[in-house]
Each structure stands twice: as C-alpha cells, then as structure tokens.
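Listing of input28.tsv, TSV, C-alpha atoms (C1' of nucleotides)
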chain	number	residue	atom	x	y	z
A	22	MET	CA	59.68	29.27	-98.11
A	23	ASP	CA	56.19	30.33	-99.01
A	24	LYS	CA	53.01	28.34	-99.17
A	25	ILE	CA	53.93	26.65	-102.44
A	26	ASP	CA	57.32	25.52	-101.14
A	27	SER	CA	55.63	24.04	-98.09
A	28	LYS	CA	53.17	22.19	-100.23
A	29	LEU	CA	55.96	20.85	-102.40
A	30	LEU	CA	57.83	19.66	-99.34
A	31	ARG	CA	54.74	17.98	-98.00
A	32	LEU	CA	54.20	16.20	-101.29
A	33	LEU	CA	57.83	15.20	-101.69
A	34	GLN	CA	58.01	13.85	-98.17
A	35	GLU	CA	55.14	11.56	-99.05
A	36	ASP	CA	56.30	10.55	-102.48
A	37	ALA	CA	59.40	11.83	-104.16
A	38	SER	CA	58.98	9.67	-107.23
A	39	ARG	CA	56.27	11.81	-108.75
A	40	THR	CA	57.12	13.62	-111.94
A	41	ASN	CA	57.83	17.29	-111.93
A	42	ALA	CA	54.94	17.96	-114.29
A	43	ASP	CA	52.63	16.15	-111.93
A	44	LEU	CA	53.78	18.15	-108.93
A	45	ALA	CA	53.62	21.36	-110.91
A	46	ALA	CA	49.98	20.73	-111.74
A	47	GLU	CA	49.16	19.99	-108.12
A	48	VAL	CA	50.67	23.19	-106.78
A	49	GLY	CA	49.45	25.24	-109.73
A	50	LEU	CA	52.72	26.16	-111.37
A	51	SER	CA	54.36	25.55	-114.70
A	52	PRO	CA	56.82	22.64	-114.80
A	53	SER	CA	59.81	24.91	-115.21
A	54	SER	CA	58.92	27.08	-112.26
A	55	CYS	CA	58.18	24.07	-110.12
A	56	LEU	CA	61.45	22.43	-111.03
A	57	ARG	CA	63.41	25.54	-110.10
A	58	ARG	CA	61.74	25.65	-106.71
A	59	ILE	CA	62.52	22.04	-106.00
A	60	ARG	CA	66.09	22.53	-107.09
A	61	ARG	CA	66.41	25.48	-104.75
A	62	LEU	CA	65.04	23.44	-101.88
A	63	HIS	CA	67.83	20.98	-102.58
A	64	GLN	CA	70.53	23.62	-102.90
A	65	THR	CA	69.56	25.39	-99.71
A	66	GLY	CA	69.58	22.07	-97.90
A	67	VAL	CA	65.94	22.05	-96.83
A	68	ILE	CA	65.72	18.79	-98.71
A	69	ASP	CA	68.61	16.79	-97.39
A	70	ARG	CA	68.32	13.75	-99.59
A	71	VAL	CA	65.98	11.53	-101.55
A	72	VAL	CA	65.96	7.92	-100.48
A	73	ALA	CA	64.20	4.62	-101.03
A	74	VAL	CA	62.43	3.34	-97.93
A	75	LEU	CA	62.37	-0.44	-97.73
A	76	ASN	CA	59.82	-2.74	-96.23
A	77	PRO	CA	61.69	-4.11	-93.20
A	78	ALA	CA	60.08	-7.52	-93.29
A	79	LYS	CA	60.73	-8.00	-96.99
A	80	ALA	CA	64.29	-6.83	-96.50
A	81	GLY	CA	64.80	-9.47	-93.83
A	82	ARG	CA	64.76	-7.28	-90.72
A	83	THR	CA	61.64	-8.05	-88.79
A	84	MET	CA	62.80	-7.34	-85.29
A	85	LYS	CA	63.05	-3.91	-83.78
A	86	ALA	CA	64.54	-3.19	-80.38
A	87	ILE	CA	65.19	-0.15	-78.24
A	88	ILE	CA	68.08	-0.05	-75.83
A	89	THR	CA	68.46	2.60	-73.16
A	90	VAL	CA	71.96	2.99	-71.82
A	91	GLU	CA	73.40	4.28	-68.60
A	92	LEU	CA	77.09	5.04	-68.71
A	93	GLU	CA	79.67	4.62	-65.98
A	94	ARG	CA	81.29	7.97	-66.60
A	95	HIS	CA	78.81	10.50	-67.94
A	96	GLY	CA	81.10	13.23	-69.28
A	97	GLU	CA	80.50	14.79	-72.65
A	98	GLN	CA	83.44	13.08	-74.27
A	99	PHE	CA	82.41	9.66	-72.97
A	100	VAL	CA	78.89	10.03	-74.26
A	101	ARG	CA	80.27	11.08	-77.61
A	102	ARG	CA	82.59	8.12	-77.75
A	103	PHE	CA	79.80	5.71	-76.97
A	104	LEU	CA	77.57	7.19	-79.67
A	105	ASP	CA	80.36	6.95	-82.21
A	106	THR	CA	80.91	3.30	-81.37
A	107	ALA	CA	77.22	2.53	-81.56
A	108	ALA	CA	76.85	4.41	-84.82
A	109	LYS	CA	79.31	2.10	-86.48
A	110	GLU	CA	76.96	-0.83	-86.01
A	111	PRO	CA	74.83	-1.33	-89.13
A	112	ALA	CA	71.94	-2.63	-87.05
A	113	VAL	CA	71.83	0.63	-85.10
A	114	VAL	CA	69.57	2.92	-87.09
A	115	GLN	CA	69.26	5.67	-84.50
A	116	ALA	CA	71.63	6.65	-81.70
A	117	TYR	CA	70.93	9.56	-79.37
A	118	SER	CA	72.27	10.97	-76.18
A	119	VAL	CA	69.37	12.04	-74.02
A	120	SER	CA	68.48	13.98	-70.90
A	121	GLY	CA	67.02	12.28	-67.85
A	122	GLU	CA	67.59	8.97	-66.16
A	123	THR	CA	69.64	7.39	-68.90
A	124	ASP	CA	72.45	8.69	-71.05
A	125	ALA	CA	71.74	7.23	-74.45
A	126	LEU	CA	69.07	5.51	-76.49
A	127	LEU	CA	69.59	3.18	-79.44
A	128	MET	CA	67.07	2.02	-81.98
A	129	LEU	CA	67.92	-1.28	-83.64
A	130	ARG	CA	66.80	-3.13	-86.74
A	131	LEU	CA	67.55	-6.79	-86.23
A	132	LYS	CA	67.31	-10.02	-88.14
A	133	ASP	CA	67.11	-12.27	-85.11
A	134	MET	CA	68.10	-12.71	-81.48
A	135	ASP	CA	71.55	-13.92	-82.33
A	136	GLU	CA	72.28	-10.63	-83.95
A	137	LEU	CA	71.15	-8.79	-80.84
A	138	ASP	CA	73.27	-11.04	-78.70
A	139	ALA	CA	76.34	-10.41	-80.80
A	140	LEU	CA	75.72	-6.69	-80.85
A	141	THR	CA	75.26	-6.29	-77.09
A	142	GLU	CA	78.37	-8.39	-76.66
A	143	ARG	CA	80.31	-5.88	-78.73
A	144	LEU	CA	78.81	-2.69	-77.31
A	145	PHE	CA	78.49	-3.60	-73.66
A	146	ARG	CA	81.59	-5.60	-72.88
A	147	GLU	CA	83.33	-5.16	-69.55
A	148	GLU	CA	85.66	-2.37	-70.55
A	149	SER	CA	82.97	-0.40	-72.34
A	150	ASN	CA	82.00	2.31	-69.85
A	151	VAL	CA	78.40	1.10	-69.88
A	152	ALA	CA	77.01	0.76	-66.36
A	153	ARG	CA	73.65	-0.75	-67.31
A	154	TYR	CA	71.35	-1.11	-70.24
A	155	TYR	CA	67.73	-2.02	-70.75
A	156	THR	CA	66.43	-3.73	-73.83
A	157	ALA	CA	62.84	-3.31	-74.96
A	158	PHE	CA	61.31	-4.94	-78.01
A	159	VAL	CA	58.91	-3.22	-80.29
A	160	ILE	CA	55.69	-5.19	-80.24
A	161	ARG	CA	53.57	-3.05	-82.48
A	162	THR	CA	54.29	-0.06	-84.64
A	163	GLY	CA	51.55	2.53	-84.46
A	164	LYS	CA	53.38	5.07	-86.59
A	165	GLU	CA	56.72	5.37	-88.27
A	166	THR	CA	57.31	8.21	-90.67
A	167	THR	CA	60.21	10.15	-92.08
A	168	GLU	CA	57.98	13.15	-92.55
A	169	ILE	CA	58.67	16.32	-90.64
A	170	PRO	CA	55.51	18.27	-89.92
A	171	LEU	CA	55.58	21.70	-91.54
A	172	GLY	CA	54.24	25.01	-90.38
B	25	MET	CA	66.89	-11.04	-104.53
B	26	ASP	CA	70.41	-11.77	-105.68
B	27	LYS	CA	73.58	-9.83	-105.20
B	28	ILE	CA	72.70	-7.22	-107.79
B	29	ASP	CA	69.33	-6.53	-106.22
B	30	SER	CA	71.00	-6.06	-102.86
B	31	LYS	CA	73.46	-3.64	-104.31
B	32	LEU	CA	70.69	-1.69	-105.96
B	33	LEU	CA	68.81	-1.50	-102.70
B	34	ARG	CA	71.88	-0.31	-100.90
B	35	LEU	CA	72.45	2.39	-103.47
B	36	LEU	CA	68.83	3.47	-103.55
B	37	GLN	CA	68.62	3.66	-99.79
B	38	GLU	CA	71.49	6.11	-99.89
B	39	ASP	CA	70.37	8.14	-102.86
B	40	ALA	CA	67.26	7.43	-104.85
B	41	SER	CA	67.69	10.43	-107.10
B	42	ARG	CA	70.39	8.88	-109.22
B	43	THR	CA	69.57	8.13	-112.83
B	44	ASN	CA	68.86	4.64	-113.95
B	45	ALA	CA	71.75	4.70	-116.40
B	46	ASP	CA	74.06	5.69	-113.58
B	47	LEU	CA	72.90	2.88	-111.35
B	48	ALA	CA	73.06	0.43	-114.22
B	49	ALA	CA	76.70	1.27	-114.81
B	50	GLU	CA	77.50	0.85	-111.12
B	51	VAL	CA	75.97	-2.59	-110.85
B	52	GLY	CA	77.22	-3.66	-114.26
B	53	LEU	CA	73.96	-4.02	-116.13
B	54	SER	CA	72.31	-2.42	-119.13
B	55	PRO	CA	69.86	0.39	-118.34
B	56	SER	CA	66.88	-1.65	-119.43
B	57	SER	CA	67.75	-4.61	-117.26
B	58	CYS	CA	68.50	-2.39	-114.33
B	59	LEU	CA	65.23	-0.56	-114.69
B	60	ARG	CA	63.27	-3.78	-114.77
B	61	ARG	CA	64.93	-4.93	-111.58
B	62	ILE	CA	64.14	-1.71	-109.79
B	63	ARG	CA	60.58	-1.83	-111.00
B	64	ARG	CA	60.23	-5.34	-109.69
B	65	LEU	CA	61.60	-4.30	-106.32
B	66	HIS	CA	58.82	-1.74	-106.22
B	67	GLN	CA	56.12	-4.13	-107.35
B	68	THR	CA	57.05	-6.81	-104.87
B	69	GLY	CA	57.05	-4.22	-102.11
B	70	VAL	CA	60.67	-4.55	-101.08
B	71	ILE	CA	60.91	-0.86	-101.86
B	72	ASP	CA	58.01	0.63	-99.99
B	73	ARG	CA	58.33	4.21	-101.13
B	74	VAL	CA	60.67	6.92	-102.29
B	75	VAL	CA	60.69	10.03	-100.15
B	76	ALA	CA	62.45	13.33	-99.65
B	77	VAL	CA	64.19	13.59	-96.29
B	78	LEU	CA	64.24	17.11	-94.92
B	79	ASN	CA	66.79	18.84	-92.78
B	80	PRO	CA	64.88	19.18	-89.48
B	81	ALA	CA	66.50	22.47	-88.51
B	82	LYS	CA	65.85	24.07	-91.86
B	83	ALA	CA	62.30	22.81	-91.80
B	84	GLY	CA	61.77	24.49	-88.44
B	85	ARG	CA	61.79	21.45	-86.17
B	86	THR	CA	64.91	21.56	-84.06
B	87	MET	CA	63.72	19.80	-80.96
B	88	LYS	CA	63.45	16.08	-80.60
B	89	ALA	CA	61.94	14.34	-77.61
B	90	ILE	CA	61.27	10.79	-76.52
B	91	ILE	CA	58.37	9.95	-74.28
B	92	THR	CA	57.95	6.59	-72.58
B	93	VAL	CA	54.46	5.83	-71.44
B	94	GLU	CA	52.98	3.59	-68.80
B	95	LEU	CA	49.30	2.91	-69.17
B	96	GLU	CA	46.68	2.46	-66.45
B	97	ARG	CA	45.08	-0.54	-68.11
B	98	HIS	CA	47.57	-2.52	-70.16
B	99	GLY	CA	45.31	-4.70	-72.29
B	100	GLU	CA	45.96	-5.15	-75.98
B	101	GLN	CA	43.02	-3.00	-77.01
B	102	PHE	CA	44.04	-0.16	-74.69
B	103	VAL	CA	47.56	-0.11	-76.03
B	104	ARG	CA	46.22	-0.06	-79.54
B	105	ARG	CA	43.88	2.77	-78.74
B	106	PHE	CA	46.68	4.82	-77.26
B	107	LEU	CA	48.92	4.27	-80.26
B	108	ASP	CA	46.14	5.28	-82.61
B	109	THR	CA	45.58	8.48	-80.69
B	110	ALA	CA	49.27	9.29	-80.59
B	111	ALA	CA	49.68	8.51	-84.28
B	112	LYS	CA	47.22	11.24	-85.16
B	113	GLU	CA	49.57	13.88	-83.78
B	114	PRO	CA	51.72	15.30	-86.58
B	115	ALA	CA	54.60	15.89	-84.16
B	116	VAL	CA	54.69	12.18	-83.33
B	117	VAL	CA	56.97	10.62	-85.92
B	118	GLN	CA	57.27	7.20	-84.31
B	119	ALA	CA	54.88	5.41	-81.96
B	120	TYR	CA	55.55	1.92	-80.65
B	121	SER	CA	54.19	-0.42	-78.06
B	122	VAL	CA	57.06	-2.11	-76.32
B	123	SER	CA	57.93	-4.92	-73.95
B	124	GLY	CA	59.38	-4.26	-70.53
B	125	GLU	CA	58.79	-1.61	-67.89
B	126	THR	CA	56.75	0.72	-70.02
B	127	ASP	CA	53.95	0.16	-72.49
B	128	ALA	CA	54.71	2.60	-75.25
B	129	LEU	CA	57.37	4.86	-76.65
B	130	LEU	CA	56.88	7.99	-78.73
B	131	MET	CA	59.42	9.89	-80.75
B	132	LEU	CA	58.58	13.53	-81.32
B	133	ARG	CA	59.73	16.26	-83.68
B	134	LEU	CA	58.95	19.59	-82.05
B	135	LYS	CA	59.21	23.24	-82.87
B	136	ASP	CA	59.38	24.44	-79.29
B	137	MET	CA	58.39	23.73	-75.71
B	138	ASP	CA	54.94	25.16	-76.16
B	139	GLU	CA	54.23	22.55	-78.73
B	140	LEU	CA	55.34	19.81	-76.35
B	141	ASP	CA	53.19	21.29	-73.63
B	142	ALA	CA	50.14	21.36	-75.84
B	143	LEU	CA	50.76	17.84	-77.04
B	144	THR	CA	51.20	16.29	-73.59
B	145	GLU	CA	48.09	18.16	-72.55
B	146	ARG	CA	46.17	16.42	-75.32
B	147	LEU	CA	47.65	12.94	-74.95
B	148	PHE	CA	47.93	12.65	-71.19
B	149	ARG	CA	44.83	14.33	-69.88
B	150	GLU	CA	43.04	12.89	-66.87
B	151	GLU	CA	40.73	10.52	-68.71
B	152	SER	CA	43.47	9.22	-70.96
B	153	ASN	CA	44.40	5.85	-69.45
B	154	VAL	CA	47.99	7.02	-69.07
B	155	ALA	CA	49.34	6.24	-65.59
B	156	ARG	CA	52.72	7.97	-65.98
B	157	TYR	CA	55.04	9.22	-68.65
B	158	TYR	CA	58.67	10.24	-68.84
B	159	THR	CA	59.99	12.81	-71.22
B	160	ALA	CA	63.58	12.78	-72.41
B	161	PHE	CA	65.13	15.26	-74.78
B	162	VAL	CA	67.55	14.34	-77.46
B	163	ILE	CA	70.77	16.17	-76.77
B	164	ARG	CA	72.92	14.83	-79.55
B	165	THR	CA	72.22	12.68	-82.53
B	166	GLY	CA	74.96	10.16	-83.17
B	167	LYS	CA	73.15	8.43	-85.98
B	168	GLU	CA	69.82	8.65	-87.70
B	169	THR	CA	69.27	6.70	-90.87
B	170	THR	CA	66.38	5.30	-92.84
B	171	GLU	CA	68.61	2.59	-94.21
B	172	ILE	CA	67.91	-1.01	-93.38
B	173	PRO	CA	71.07	-3.11	-93.27
B	174	LEU	CA	71.01	-5.85	-95.88
B	175	GLY	CA	72.33	-9.39	-95.81
C	12	DC	C1'	71.88	-36.08	-122.94
C	13	DA	C1'	68.64	-33.66	-125.86
C	14	DC	C1'	64.74	-30.98	-125.31
C	15	DT	C1'	61.64	-27.67	-123.55
C	16	DT	C1'	60.37	-24.02	-120.70
C	17	DT	C1'	61.25	-19.98	-118.19
C	18	DC	C1'	63.43	-15.98	-117.26
C	19	DA	C1'	67.00	-12.30	-117.52
C	20	DT	C1'	69.69	-9.70	-120.65
C	21	DG	C1'	71.24	-6.15	-124.26
C	22	DC	C1'	70.21	-3.42	-128.17
C	23	DA	C1'	67.82	-0.05	-130.57
C	24	DA	C1'	63.71	2.66	-131.24
C	25	DT	C1'	60.28	5.41	-128.92
C	26	DA	C1'	58.08	7.98	-125.41
C	27	DA	C1'	58.36	10.73	-121.49
C	28	DA	C1'	60.53	13.76	-118.55
C	29	DA	C1'	63.81	17.17	-117.15
C	30	DT	C1'	66.29	21.30	-118.26
C	31	DT	C1'	67.47	25.77	-120.41
C	32	DG	C1'	67.14	30.60	-122.61
C	33	DC	C1'	64.41	34.29	-122.78
C	34	DA	C1'	60.72	37.69	-122.56
C	35	DA	C1'	56.86	38.90	-119.74
C	36	DA	C1'	54.94	39.45	-115.31
C	37	DT	C1'	54.90	39.86	-110.47
C	38	DG	C1'	56.05	41.66	-105.91
C	39	DG	C1'	57.99	44.54	-102.78
C	40	DC	C1'	60.17	49.31	-101.74
C	41	DT	C1'	60.89	54.06	-102.02
D	3	DA	C1'	53.95	55.77	-109.90
D	4	DG	C1'	58.56	53.95	-110.82
D	5	DC	C1'	62.45	50.93	-109.97
D	6	DC	C1'	64.81	46.74	-108.81
D	7	DA	C1'	65.02	41.93	-107.94
D	8	DT	C1'	62.79	37.78	-108.51
D	9	DT	C1'	59.60	34.54	-110.35
D	10	DT	C1'	56.95	32.91	-113.97
D	11	DG	C1'	55.47	30.51	-118.43
D	12	DC	C1'	56.50	29.20	-123.00
D	13	DA	C1'	58.98	26.71	-126.33
D	14	DA	C1'	63.12	24.46	-127.78
D	15	DT	C1'	66.55	21.14	-126.44
D	16	DT	C1'	68.65	17.60	-123.93
D	17	DT	C1'	68.47	13.90	-121.01
D	18	DT	C1'	66.27	10.00	-119.16
D	19	DA	C1'	62.93	6.36	-118.87
D	20	DT	C1'	60.52	2.85	-121.25
D	21	DT	C1'	59.23	-0.79	-124.60
D	22	DG	C1'	59.51	-4.57	-128.24
D	23	DC	C1'	62.19	-7.98	-129.61
D	24	DA	C1'	65.70	-11.36	-130.38
D	25	DT	C1'	69.45	-13.64	-127.92
D	26	DG	C1'	71.41	-16.24	-124.23
D	27	DA	C1'	71.55	-18.45	-119.82
D	28	DA	C1'	69.71	-21.42	-116.35
D	29	DA	C1'	66.66	-24.96	-114.65
D	30	DG	C1'	63.71	-28.70	-115.02
D	31	DT	C1'	61.95	-33.05	-117.74
D	32	DG	C1'	61.75	-37.29	-120.24
Using structure tokens, write down the structure that the file contains.
Amino acid sequence: MDKIDSKLLRLLQEDASRTNADLAAEVGLSPSSCLRRIRRLHQTGVIDRVVAVLNPAKAGRTMKAIITVELERHGEQFVRRFLDTAAKEPAVVQAYSVSGETDALLMLRLKDMDELDALTERLFREESNVARYYTAFVIRTGKETTEIPLG
Amino acid sequence: MDKIDSKLLRLLQEDASRTNADLAAEVGLSPSSCLRRIRRLHQTGVIDRVVAVLNPAKAGRTMKAIITVELERHGEQFVRRFLDTAAKEPAVVQAYSVSGETDALLMLRLKDMDELDALTERLFREESNVARYYTAFVIRTGKETTEIPLG
DNA sequence: CACTTTCATGCAATAAAATTGCAAATGGCT
DNA sequence: AGCCATTTGCAATTTTATTGCATGAAAGTG
C-alpha cells in the first residue's frame, strides 16, 4: 500500500470503468504493472467489489427516509435480531446499531409513502420489540459518496 | 426500461466487473445487443457511475459515526450553507438536511477519535450557526448497500 | 389489411483491452 | 558491496468490446 496504490484506489473509487492503460498512464506505470497492482488490491480485499451506482430518481426511488429506533429490550441479541429483520427489507439500504439515545438507525430508499407505510407496518408491529421510532425525511442531499478517504 | 434492462441493472449493481458476454448470456441476449443496452443505460443516466467499493477496515477507516445537527437559524440558505461546509470534509460521506427535530444529519468515516475531534472542532465552532449536535457511533452494521431496489 | 416507419436483434469482422512469460531492474537487508 | 525478494516493462497472446449491416419484430397510418 504505497503511494501508487493509494492513487489507484482514489481513481477507482471515482471511476472504475477506466481502462487499465489509462490508469497506468495516470499513475506512471506500464499497463502490466498497473494491472497486477489492481489485481492484488482485489485479492487482498482492499477493493471489496466493483458496482454500478444508479441515479435514484431515474431508477424510480426518489424518496429517502431515516428512521431511528428505540427497542423495548436492548440486549445484544435483540438488537441483532432487529437488524437482521430490517436488513431483509429491500428498501432498507443501511441498517446500523448505534450508541446513544436510540438503538438503531435505518436508511431507506423509497418509491412513495405507501411503501413506507407498508414497511413500518412490517417492522414495527405490536410484537416487534420496538418501543418507539422516529421517521425523518431527507429534504436535500448535500453529499453522498461511496468513497472512503485515504491516508 | 423493460424486464431485461431491470435485470441488467440488478446484476450490475451487484457486480459491474463481469464481462459483457457473461451478462449477455445471463439475460439471454447476444453480446452486441446487451452491450448496446448497457451503453444506453449509461447515456440516459440511469447508471450514474461505476465505482470500486473499498473495505473500510483495510482502507484504514474503521470507525463510523452519525451526527445529527440542530442549527441556530434554520432558514433554507443557512441549511444549505451548513451542508456545503460539511460536504467539503473528506470524512463526511453523507450529508443531508432532514425534516423533524433536527436540521441535518452527517455520516462519517473516521480513522480515530482524534479525527472526529478535529472535525467537530472545524464544523461546530462558536461562529458556526450550529445550536447543538449529537454524536452516535455505529456499533454494528446490519446492512450497507449501494443497491437501489428496482420495480 | 397492406404499408411504412422505427427500433431492437444477431452475426461476423474489427478494434481495443486485458493478460501472460520472461528478462531486467529496483529496493531493502546484512 | 552482495544477496534475496519483489516489481517493473516489453512483447506476444488471449480475451473482450465494438461496429456495420442485414434481418425481424413491433407500432403506427391510411
């Protein structure tokens, strides 16, 4: 993980569709050398995966909501169970257990209110161990990146 | 945006490093047809970008924190200004203005506590228009995907 | 219903890109 | 300086992406 690897990671986090020759030129290496570095970054797991990122609006998911959850019983196993249940929901794109006032936080990608209604119905029914939950809607997105800052 | 396009998007959201021929076989098209569809999905902006997703731990960013922010003055322009400032911080990976109790929510990828300290120092200094803020740490990640559910 | 237009498809040829073997070079370490 | 382990660049090879073109399907029109 030297300077060149870092630069490659930075570039690939921005745009992984660039050709190897192109990247090689930018970091000042030959294509073969560059390719071997990238392959190693994959093998060692630094690069987890390469994915297509969709435009939410054009994919029919305009609405974004954040739900903070307070559980009835807070034990480790209960938190885990709740997260597992939430994770099964396709609309749930992020599910965390957190420190502080609340126990968990969910980030949702929704099509409309009906979908939210149906989802909360499923996750927060009477027998669900959820004491309370607060729903907030994302009004404006100032930043949203998959990039992990390096160095 | 027919069934085949949807399937392609689903596949590409999972793994965009697969070869065109491979994808073509999976959706039951010839490579040329498949390629043209994917290209169109790019051109029309449904596919926003293709990126490498790193393993946070192996990239040296283990800690994840969520900060909810309440501003002093809540006006549109003040919220926008705060988001812009927050967005400039590399450790801030998501920055939203939200409805409800608080005005904004930040998601952070941190190396250590010192980094958090330095960041809060910068964002929430006296003259910053931030009335209060609450920091929560992510204890466990139940789900974290870039995929947008389709259909 | 016949006709036209438009668009997606598959095939085959071509261009571009990735991948490999190998010899040279580089970078620690002692 | 000398040794070992690793990385590099070149050139050949393989794989993959890309394009032109003719066919076929679907949709609209008179």
After a least-squares superposition on chain A using every in-order C-alpha pair, I'd like chain B written out as a compact mmCIF listing (two decimals) with C-alpha atoms, keeping the file's coordinate frame.
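Result file part-v8.txt:
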# COMPACT_ATOMS: atom_id res chain seq x y z
CA MET B 25 59.72 29.29 -98.12
CA ASP B 26 56.21 30.34 -99.01
CA LYS B 27 53.04 28.34 -99.18
CA ILE B 28 53.94 26.67 -102.45
CA ASP B 29 57.30 25.52 -101.15
CA SER B 30 55.61 24.03 -98.11
CA LYS B 31 53.16 22.18 -100.26
CA LEU B 32 55.95 20.84 -102.41
CA LEU B 33 57.80 19.65 -99.36
CA ARG B 34 54.73 17.96 -98.04
CA LEU B 35 54.18 16.19 -101.32
CA LEU B 36 57.80 15.19 -101.71
CA GLN B 37 57.99 13.84 -98.19
CA GLU B 38 55.12 11.54 -99.07
CA ASP B 39 56.26 10.53 -102.51
CA ALA B 40 59.39 11.83 -104.16
CA SER B 41 58.98 9.67 -107.23
CA ARG B 42 56.29 11.81 -108.79
CA THR B 43 57.13 13.64 -111.98
CA ASN B 44 57.84 17.30 -111.96
CA ALA B 45 54.97 18.01 -114.32
CA ASP B 46 52.64 16.19 -111.97
CA LEU B 47 53.78 18.17 -108.97
CA ALA B 48 53.63 21.39 -110.94
CA ALA B 49 50.00 20.78 -111.78
CA GLU B 50 49.18 20.03 -108.15
CA VAL B 51 50.70 23.22 -106.82
CA GLY B 52 49.47 25.29 -109.73
CA LEU B 53 52.74 26.21 -111.38
CA SER B 54 54.41 25.62 -114.71
CA PRO B 55 56.86 22.71 -114.82
CA SER B 56 59.84 24.98 -115.20
CA SER B 57 58.95 27.12 -112.23
CA CYS B 58 58.19 24.10 -110.13
CA LEU B 59 61.47 22.48 -111.02
CA ARG B 60 63.42 25.56 -110.09
CA ARG B 61 61.74 25.66 -106.71
CA ILE B 62 62.52 22.05 -106.00
CA ARG B 63 66.09 22.54 -107.09
CA ARG B 64 66.42 25.47 -104.75
CA LEU B 65 65.03 23.43 -101.88
CA HIS B 66 67.82 20.97 -102.56
CA GLN B 67 70.52 23.59 -102.87
CA THR B 68 69.57 25.37 -99.69
CA GLY B 69 69.56 22.05 -97.87
CA VAL B 70 65.93 22.04 -96.81
CA ILE B 71 65.70 18.78 -98.70
CA ASP B 72 68.59 16.78 -97.37
CA ARG B 73 68.29 13.73 -99.57
CA VAL B 74 65.96 11.52 -101.53
CA VAL B 75 65.93 7.89 -100.46
CA ALA B 76 64.17 4.60 -101.02
CA VAL B 77 62.41 3.31 -97.92
CA LEU B 78 62.36 -0.46 -97.71
CA ASN B 79 59.80 -2.77 -96.23
CA PRO B 80 61.69 -4.11 -93.18
CA ALA B 81 60.07 -7.54 -93.29
CA LYS B 82 60.74 -8.02 -96.97
CA ALA B 83 64.29 -6.85 -96.50
CA GLY B 84 64.80 -9.49 -93.82
CA ARG B 85 64.76 -7.30 -90.72
CA THR B 86 61.63 -8.06 -88.77
CA MET B 87 62.79 -7.35 -85.27
CA LYS B 88 63.05 -3.92 -83.77
CA ALA B 89 64.54 -3.20 -80.38
CA ILE B 90 65.20 -0.16 -78.23
CA ILE B 91 68.08 -0.06 -75.82
CA THR B 92 68.48 2.61 -73.16
CA VAL B 93 71.96 2.98 -71.82
CA GLU B 94 73.42 4.28 -68.60
CA LEU B 95 77.10 5.05 -68.72
CA GLU B 96 79.70 4.63 -65.98
CA ARG B 97 81.31 7.99 -66.61
CA HIS B 98 78.83 10.51 -67.96
CA GLY B 99 81.10 13.25 -69.30
CA GLU B 100 80.47 14.82 -72.67
CA GLN B 101 83.42 13.10 -74.29
CA PHE B 102 82.39 9.68 -72.98
CA VAL B 103 78.88 10.04 -74.29
CA ARG B 104 80.24 11.09 -77.63
CA ARG B 105 82.58 8.15 -77.74
CA PHE B 106 79.78 5.74 -76.98
CA LEU B 107 77.56 7.19 -79.68
CA ASP B 108 80.36 6.96 -82.21
CA THR B 109 80.91 3.32 -81.37
CA ALA B 110 77.22 2.52 -81.55
CA ALA B 111 76.83 4.41 -84.82
CA LYS B 112 79.30 2.09 -86.49
CA GLU B 113 76.95 -0.85 -86.01
CA PRO B 114 74.82 -1.33 -89.13
CA ALA B 115 71.93 -2.64 -87.03
CA VAL B 116 71.82 0.63 -85.09
CA VAL B 117 69.56 2.92 -87.09
CA GLN B 118 69.24 5.67 -84.50
CA ALA B 119 71.61 6.64 -81.69
CA TYR B 120 70.93 9.55 -79.37
CA SER B 121 72.26 10.97 -76.17
CA VAL B 122 69.38 12.04 -74.01
CA SER B 123 68.49 13.97 -70.89
CA GLY B 124 67.02 12.29 -67.86
CA GLU B 125 67.60 8.95 -66.16
CA THR B 126 69.65 7.39 -68.90
CA ASP B 127 72.47 8.69 -71.05
CA ALA B 128 71.73 7.23 -74.44
CA LEU B 129 69.09 5.52 -76.49
CA LEU B 130 69.60 3.19 -79.44
CA MET B 131 67.07 2.01 -81.96
CA LEU B 132 67.92 -1.28 -83.63
CA ARG B 133 66.79 -3.14 -86.73
CA LEU B 134 67.57 -6.81 -86.21
CA LYS B 135 67.32 -10.03 -88.12
CA ASP B 136 67.13 -12.28 -85.09
CA MET B 137 68.10 -12.71 -81.46
CA ASP B 138 71.55 -13.94 -82.31
CA GLU B 139 72.27 -10.66 -83.94
CA LEU B 140 71.14 -8.79 -80.83
CA ASP B 141 73.28 -11.04 -78.69
CA ALA B 142 76.34 -10.42 -80.79
CA LEU B 143 75.72 -6.70 -80.84
CA THR B 144 75.26 -6.30 -77.09
CA GLU B 145 78.36 -8.40 -76.66
CA ARG B 146 80.30 -5.89 -78.74
CA LEU B 147 78.81 -2.70 -77.32
CA PHE B 148 78.50 -3.59 -73.65
CA ARG B 149 81.60 -5.59 -72.91
CA GLU B 150 83.37 -5.16 -69.59
CA GLU B 151 85.68 -2.33 -70.58
CA SER B 152 82.96 -0.40 -72.34
CA ASN B 153 82.01 2.34 -69.86
CA VAL B 154 78.42 1.11 -69.89
CA ALA B 155 77.05 0.77 -66.35
CA ARG B 156 73.67 -0.75 -67.28
CA TYR B 157 71.37 -1.11 -70.22
CA TYR B 158 67.74 -2.02 -70.74
CA THR B 159 66.44 -3.73 -73.81
CA ALA B 160 62.86 -3.33 -74.96
CA PHE B 161 61.33 -4.95 -77.99
CA VAL B 162 58.93 -3.24 -80.27
CA ILE B 163 55.71 -5.20 -80.21
CA ARG B 164 53.57 -3.06 -82.45
CA THR B 165 54.29 -0.09 -84.61
CA GLY B 166 51.55 2.50 -84.45
CA LYS B 167 53.37 5.02 -86.57
CA GLU B 168 56.72 5.34 -88.26
CA THR B 169 57.28 8.18 -90.66
CA THR B 170 60.18 10.12 -92.08
CA GLU B 171 57.96 13.13 -92.55
CA ILE B 172 58.64 16.29 -90.64
CA PRO B 173 55.48 18.25 -89.91
CA LEU B 174 55.55 21.67 -91.54
CA GLY B 175 54.22 25.01 -90.38
Chain C residues within 12 Å of chain A, counting only C-alpha atoms (C1' of nucleotides): which ones, as a PyMOL selection string? chain C and resi 27-32
For chain A, work out the contacting residues on chain B at 6 Å, counting only C-alpha atoms, and write them as a ChimeraX atom specification. /B:36-41,70-79,82,107,111,114,117-124,160-169,173
Counting only C-alpha atoms (C1' of nucleotides), which residues from chain D have an atom at most 12 Å from any atom of chain B, and could you show them as an mmCIF file with C-alpha atoms (C1' of nucleotides), keeping the file's coordinate frame?
data_model
loop_
_atom_site.group_PDB
_atom_site.id
_atom_site.type_symbol
_atom_site.label_atom_id
_atom_site.label_comp_id
_atom_site.auth_asym_id
_atom_site.auth_seq_id
_atom_site.Cartn_x
_atom_site.Cartn_y
_atom_site.Cartn_z
ATOM 1 C "C1'" DT D 17 68.470 13.900 -121.010
ATOM 2 C "C1'" DT D 18 66.270 10.000 -119.160
ATOM 3 C "C1'" DA D 19 62.930 6.360 -118.870
ATOM 4 C "C1'" DT D 20 60.520 2.850 -121.250
ATOM 5 C "C1'" DT D 21 59.230 -0.790 -124.600
ATOM 6 C "C1'" DG D 22 59.510 -4.570 -128.240
#
What gap, in Å, lies between atom CA of A:Asp138 and atom CA of B:His98? 28.4 Å
One decimal, Å: what's the distance from atom C1' of C:DT16 over to atom C1' of D:DT25, could you say?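 It comes out at 15.6 Å.
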To one decimal place in Å, what is the distance between atom C1' of C:DA34 and atom C1' of D:DG11? 9.8 Å
